[in-house]
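Next comes target_26.txt, a file with compact mmCIF, C-alpha atoms.
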# COMPACT_ATOMS: atom_id res chain seq x y z
CA MET A 1 138.28 153.10 74.92
CA TYR A 2 139.74 156.13 76.67
CA VAL A 3 137.54 158.27 78.92
CA TYR A 4 138.75 161.80 79.68
CA ASP A 5 137.75 163.90 82.64
CA GLU A 6 138.18 167.46 83.84
CA TRP A 7 137.96 169.23 87.18
CA LYS A 8 135.55 172.12 87.63
CA SER A 9 135.77 173.75 91.05
CA ASP A 10 135.53 170.79 93.47
CA SER A 11 134.01 168.19 91.19
CA ARG A 12 135.19 165.97 88.41
CA SER A 13 133.22 165.38 85.24
CA TYR A 14 133.76 163.17 82.24
CA ASN A 15 133.70 165.07 78.99
CA ARG A 16 135.09 162.92 76.17
CA ILE A 17 135.49 159.32 75.04
CA ASP A 18 137.98 158.26 72.41
CA PHE A 19 138.05 154.85 70.83
CA SER A 20 141.38 153.34 69.99
CA THR A 21 141.84 151.08 67.01
CA ALA A 22 145.48 150.47 67.76
CA SER A 23 147.29 148.65 65.01
CA PHE A 24 148.75 145.22 65.44
CA ARG A 25 151.04 143.10 63.37
CA THR A 26 149.80 139.86 61.88
CA GLU A 27 153.10 138.50 60.58
CA PHE A 28 153.97 137.22 64.04
CA ARG A 29 151.05 134.78 63.86
CA THR A 30 152.03 132.93 60.69
CA GLY A 31 150.46 129.60 60.04
CA LEU A 32 147.27 130.51 61.91
CA ASP A 33 143.86 131.03 60.44
CA MET A 34 143.37 134.77 59.90
CA LYS A 35 139.67 134.66 60.87
CA TRP A 36 140.61 136.16 64.22
CA ALA A 37 141.71 139.37 62.47
CA ALA A 38 138.40 139.66 60.61
CA GLU A 39 136.47 139.03 63.84
CA ARG A 40 138.53 141.66 65.63
CA PHE A 41 137.75 144.29 63.02
CA GLN A 42 134.04 143.38 63.07
CA LEU A 43 133.99 143.89 66.84
CA LEU A 44 135.88 147.18 66.52
CA ALA A 45 133.31 148.39 63.99
CA PHE A 46 130.41 147.29 66.23
CA TYR A 47 131.76 149.03 69.35
CA SER A 48 132.79 152.14 67.41
CA LYS A 49 129.25 152.50 66.07
CA ALA A 50 127.74 151.92 69.55
CA LEU A 51 130.08 154.52 71.00
CA ALA A 52 129.26 157.06 68.27
CA ASP A 53 125.50 156.51 68.77
CA HIS A 54 125.47 156.57 72.59
CA MET A 55 128.46 158.67 73.68
CA ASP A 56 126.35 161.38 75.35
CA ASP A 57 124.34 158.78 77.30
CA ILE A 58 127.51 156.98 78.41
CA LEU A 59 129.16 160.22 79.57
CA ALA A 60 125.99 161.26 81.41
CA GLU A 61 125.87 157.90 83.21
CA PHE A 62 129.56 158.19 84.17
CA ASN A 63 128.90 161.68 85.58
CA ASN A 64 125.78 160.47 87.47
CA VAL A 65 127.81 157.71 89.15
CA VAL A 66 130.53 160.19 90.12
CA GLU A 67 127.99 162.64 91.52
CA LYS A 68 126.04 159.91 93.35
CA TYR A 69 129.09 158.49 95.13
CA SER A 70 131.26 161.60 95.53
CA LYS A 71 130.22 162.20 99.16
CA LEU A 72 130.87 158.56 100.06
CA SER A 73 134.23 158.67 98.31
CA GLU A 74 135.20 161.85 100.18
CA ALA A 75 134.13 160.36 103.52
CA LEU A 76 136.17 157.21 102.88
CA TYR A 77 139.19 159.28 101.88
CA GLU A 78 138.92 161.41 105.03
CA SER A 79 138.56 158.37 107.28
CA LYS A 80 141.60 156.73 105.63
CA ARG A 81 143.87 159.74 106.11
CA PRO A 82 144.90 159.00 109.72
CA LEU A 83 145.53 155.36 108.85
CA ASN A 84 147.61 156.32 105.82
CA LYS A 85 149.61 158.69 108.01
CA GLU A 86 150.31 155.91 110.53
CA VAL A 87 151.27 153.48 107.77
CA ARG A 88 153.64 156.07 106.28
CA GLU A 89 155.26 156.69 109.69
CA VAL A 90 155.71 152.95 110.34
CA ASN A 91 157.17 152.46 106.86
CA GLU A 92 159.62 155.31 107.50
CA ILE A 93 160.72 153.66 110.76
CA ILE A 94 161.15 150.30 109.02
CA SER A 95 163.15 151.91 106.21
CA ARG A 96 165.36 153.72 108.70
CA LEU A 97 166.00 150.49 110.65
CA LYS A 98 166.81 148.57 107.45
CA GLU A 99 169.19 151.33 106.38
CA GLU A 100 170.90 151.35 109.78
CA GLU A 101 171.31 147.56 109.62
CA MET A 102 172.83 147.79 106.13
CA MET A 103 175.19 150.54 107.26
CA GLU A 104 176.32 148.39 110.20
CA LYS A 105 176.98 145.52 107.82
CA LEU A 106 178.77 147.87 105.42
CA MET A 107 181.17 149.07 108.11
CA SER A 108 181.73 145.54 109.51
CA ASP A 109 184.81 143.42 108.76
CA ASN A 110 183.04 141.47 106.01
CA GLY A 111 181.06 144.31 104.48
CA LEU A 112 178.13 143.66 102.16
CA MET A 113 178.37 140.55 100.00
CA ILE A 114 176.42 140.16 96.77
CA GLN A 115 174.96 136.71 96.09
CA PRO A 116 173.79 136.30 92.47
CA GLU A 117 170.42 134.66 91.98
CA LYS A 118 170.39 130.93 91.28
CA GLU A 119 171.53 129.97 87.79
CA ASP A 120 172.53 133.59 87.18
CA ASP A 121 176.15 134.64 87.38
CA TYR A 122 175.44 138.38 86.97
CA LEU A 123 176.99 140.77 89.47
CA PRO A 124 175.86 144.41 89.61
CA ARG A 125 177.58 147.65 88.67
CA PHE A 126 178.46 150.36 91.17
CA GLN A 127 178.73 154.05 90.29
CA VAL A 128 181.55 155.05 92.66
CA LYS A 129 182.19 158.48 91.15
CA PHE A 130 180.36 160.52 88.53
CA ASP A 131 182.86 159.34 85.91
CA TRP A 132 183.81 155.92 87.31
CA GLU A 133 181.71 152.79 87.40
CA LEU A 134 182.83 149.38 88.60
CA SER A 135 181.34 146.24 87.02
CA SER A 136 180.83 142.78 88.54
CA VAL A 137 180.86 143.98 92.16
CA LYS A 138 181.03 141.03 94.57
CA SER A 139 181.25 143.01 97.83
CA ILE A 140 181.70 146.47 99.29
CA ARG A 141 183.15 147.25 102.69
CA GLY A 142 183.26 150.59 104.42
CA VAL A 143 186.68 151.51 105.75
CA LYS A 144 186.12 155.01 107.07
CA LYS A 145 183.28 157.51 107.14
CA SER A 146 183.93 161.22 106.70
CA ALA A 147 183.25 163.57 109.61
CA SER A 148 180.25 165.05 107.79
CA GLY A 149 178.88 161.60 106.95
CA LYS A 150 178.46 162.54 103.30
CA SER A 151 181.19 160.26 101.98
CA VAL A 152 182.87 156.98 102.84
CA ASP A 153 186.11 155.25 101.90
CA LEU A 154 185.42 151.77 100.51
CA GLN A 155 187.08 148.55 99.58
CA VAL A 156 185.23 147.15 96.58
CA SER A 157 185.77 143.54 95.49
CA VAL A 158 185.12 143.00 91.79
CA ARG A 159 185.18 139.77 89.83
CA ARG A 160 187.66 139.65 86.96
CA GLY A 161 188.22 137.00 84.30
CA TYR A 162 186.00 134.33 82.78
CA GLY A 163 185.37 130.63 83.19
CA ASP A 164 188.01 128.88 85.30
CA ASP A 165 190.15 132.05 85.36
CA LYS A 166 187.78 134.05 87.66
CA ARG A 167 189.42 135.93 90.51
CA LEU A 168 188.53 138.75 92.89
CA GLU A 169 190.31 142.08 92.77
CA VAL A 170 190.03 144.48 95.70
CA ILE A 171 189.95 148.17 94.77
CA ASP A 172 190.29 150.93 97.35
CA VAL A 173 188.05 153.88 96.54
CA ASP A 174 188.32 157.10 98.53
CA ARG A 175 185.52 159.55 99.27
CA VAL A 176 182.57 157.83 97.61
CA ARG A 177 179.41 159.88 98.00
CA PHE A 178 177.17 158.23 100.56
CA ASP A 179 174.19 158.73 98.21
CA ASN A 180 175.91 156.43 95.69
CA VAL A 181 176.37 153.75 98.35
CA VAL A 182 172.72 154.00 99.46
CA ALA A 183 171.55 153.83 95.82
CA PHE A 184 173.68 150.71 95.25
CA ILE A 185 172.30 149.05 98.38
CA ARG A 186 168.67 149.84 97.51
CA ARG A 187 169.08 148.65 93.93
CA ASN A 188 170.62 145.34 95.04
CA GLU A 189 169.02 144.72 98.43
CA ASN A 190 167.54 141.39 97.27
CA GLN A 191 171.01 140.07 96.43
CA ILE A 192 172.83 141.30 99.53
CA VAL A 193 173.53 138.58 102.11
Please go through the file and, once you have read it, give me the structure as structure tokens.
Amino acid sequence: MYVYDEWKSDSRSYNRIDFSTASFRTEFRTGLDMKWAAERFQLLAFYSKALADHMDDILAEFNNVVEKYSKLSEALYESKRPLNKEVREVNEIISRLKEEEMMEKLMSDNGLMIQPEKEDDYLPRFQVKFDWELSSVKSIRGVKKSASGKSVDLQVSVRRGYGDDKRLEVIDVDRVRFDNVVAFIRRNENQIV
């Protein structure tokens, strides 16, 4: 069942209900008794008929509930606003501190190391330039930041080879956009050690 609403001036009202009889595929349930499909269609027919017979009453009740509790809802929203603002400010401070910590690690001698999850040997990709992506990145290390702070020179360690022949190759990449580095860090922050 889908209930649609509309806004008129400062209030919201429900104006339409649609009933979905979305299709489903039965071949994925081979070997099972198909009574469940018949029961499903009987229930769909029952609820469709109830909806057709009582749609106006249902919409009116929805609108009564909205009207009855709209003042309470507004008051709660207004009282939550200062708290939401404080939460947003604290989250911004936390994000800034986390980013500063990651940047310190990035520019350190060891850089940022990627540790794959247990029983998973996958290492992420890194979009270093718009037309250049490195696969199986094991670590990135900042060598030098530009004066504007918009780009950074990196040493990127990538894993090459398979099985017993795995080895690390260090690639020097000049003037990587800092946005690309931040995006890589955010995407893989759970794997960075």
query: Which is closer to Met102 (chain A) than all the others in A:Asp10, A:Glu189, A:Asp131, A:Asp5, using only C-alpha atoms?
result: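 The shortest atom-to-atom distance to Met102 (chain A) comes from A:Glu189.
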Can you list every residue of region 16-133 of chain A that has an atom at most 10 Å from region 151-164 of chain A, with its nearest atom pair and the distance in Å to one decimal, using all atoms listed in the file, ordered by chain then number, as JSON lines?
{"residue": "A:Leu106", "atom": "CA", "partner": "A:Leu154", "partner_atom": "CA", "distance": 9.1}
{"residue": "A:Met107", "atom": "CA", "partner": "A:Leu154", "partner_atom": "CA", "distance": 9.1}
{"residue": "A:Gly111", "atom": "CA", "partner": "A:Gln155", "partner_atom": "CA", "distance": 8.8}
{"residue": "A:Leu112", "atom": "CA", "partner": "A:Val156", "partner_atom": "CA", "distance": 9.7}
{"residue": "A:Met113", "atom": "CA", "partner": "A:Ser157", "partner_atom": "CA", "distance": 9.2}
{"residue": "A:Leu123", "atom": "CA", "partner": "A:Arg159", "partner_atom": "CA", "distance": 8.3}
{"residue": "A:Pro124", "atom": "CA", "partner": "A:Val158", "partner_atom": "CA", "distance": 9.6}
{"residue": "A:Arg125", "atom": "CA", "partner": "A:Val158", "partner_atom": "CA", "distance": 9.4}
{"residue": "A:Phe126", "atom": "CA", "partner": "A:Val156", "partner_atom": "CA", "distance": 9.2}
{"residue": "A:Val128", "atom": "CA", "partner": "A:Leu154", "partner_atom": "CA", "distance": 9.3}
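Closest approach to Phe184 (chain A) among A:Pro116, A:Asn15, A:Glu133, A:Asn84: A:Glu133, based on all atoms listed in the file.
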- request: Would you mind reading off the distance between CA of Arg177 (chain A) and CA of Glu117 (chain A), one decimal, in Å?
  value: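 Interatomic distance here is 27.4 Å.
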message: Tell me which residues come within 12 Å of (140.3, 148.5, 76.4), as number ranges by chain, counting all atoms listed in the file in the file's coordinates.
response: A: 1-3, 17-22, 44, 47
Given 5 Å on each side, where is the centre and what are the edge lengths in Å to one decimal of the axis-aligned box enclosing the listed atoms of region 82-98 of chain A, as JSON?
{"center_x": 155.9, "center_y": 153.8, "center_z": 108.3, "size_x": 31.9, "size_y": 20.4, "size_z": 14.9}
- prompt: Quick one: of A:Arg12, A:Lys118, A:Lys105, A:Arg88, who's nearest to Ile185 (chain A), counting all atoms listed in the file?
  reply: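 Comparing A:Arg12, A:Lys118, A:Lys105, A:Arg88 against Ile185 (chain A), the winner is A:Lys105.
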statement: Using all atoms listed in the file, the residue out of A:Ala52, A:Ile171, A:Met34, A:Leu59 with shortest distance to Ser13 (chain A) is A:Leu59
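When CA of Ser11 (chain A) is paired with CA of Lys68 (chain A), their separation reads 11.7 Å.
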query: Which residue, A:Ile114, A:Asp120, A:Arg16, A:Lys166, has the smallest gap to Ile58 (chain A) when you use all atoms listed in the file?
result: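 The answer is A:Arg16, which sits nearest to Ile58 (chain A).
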query: For the atom pair CA of Leu168 (chain A) and CA of Lys138 (chain A), what is the interatomic distance in Å to one decimal place?
result: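 So the two atoms, CA of Leu168 (chain A) and CA of Lys138 (chain A), lie 8.0 Å apart.
Take the candidates A:Ala50, A:Glu78, A:Glu169, A:Asn63 and check each one against Glu6 (chain A) using all atoms listed in the file; the shortest distance goes to A:Asn63.
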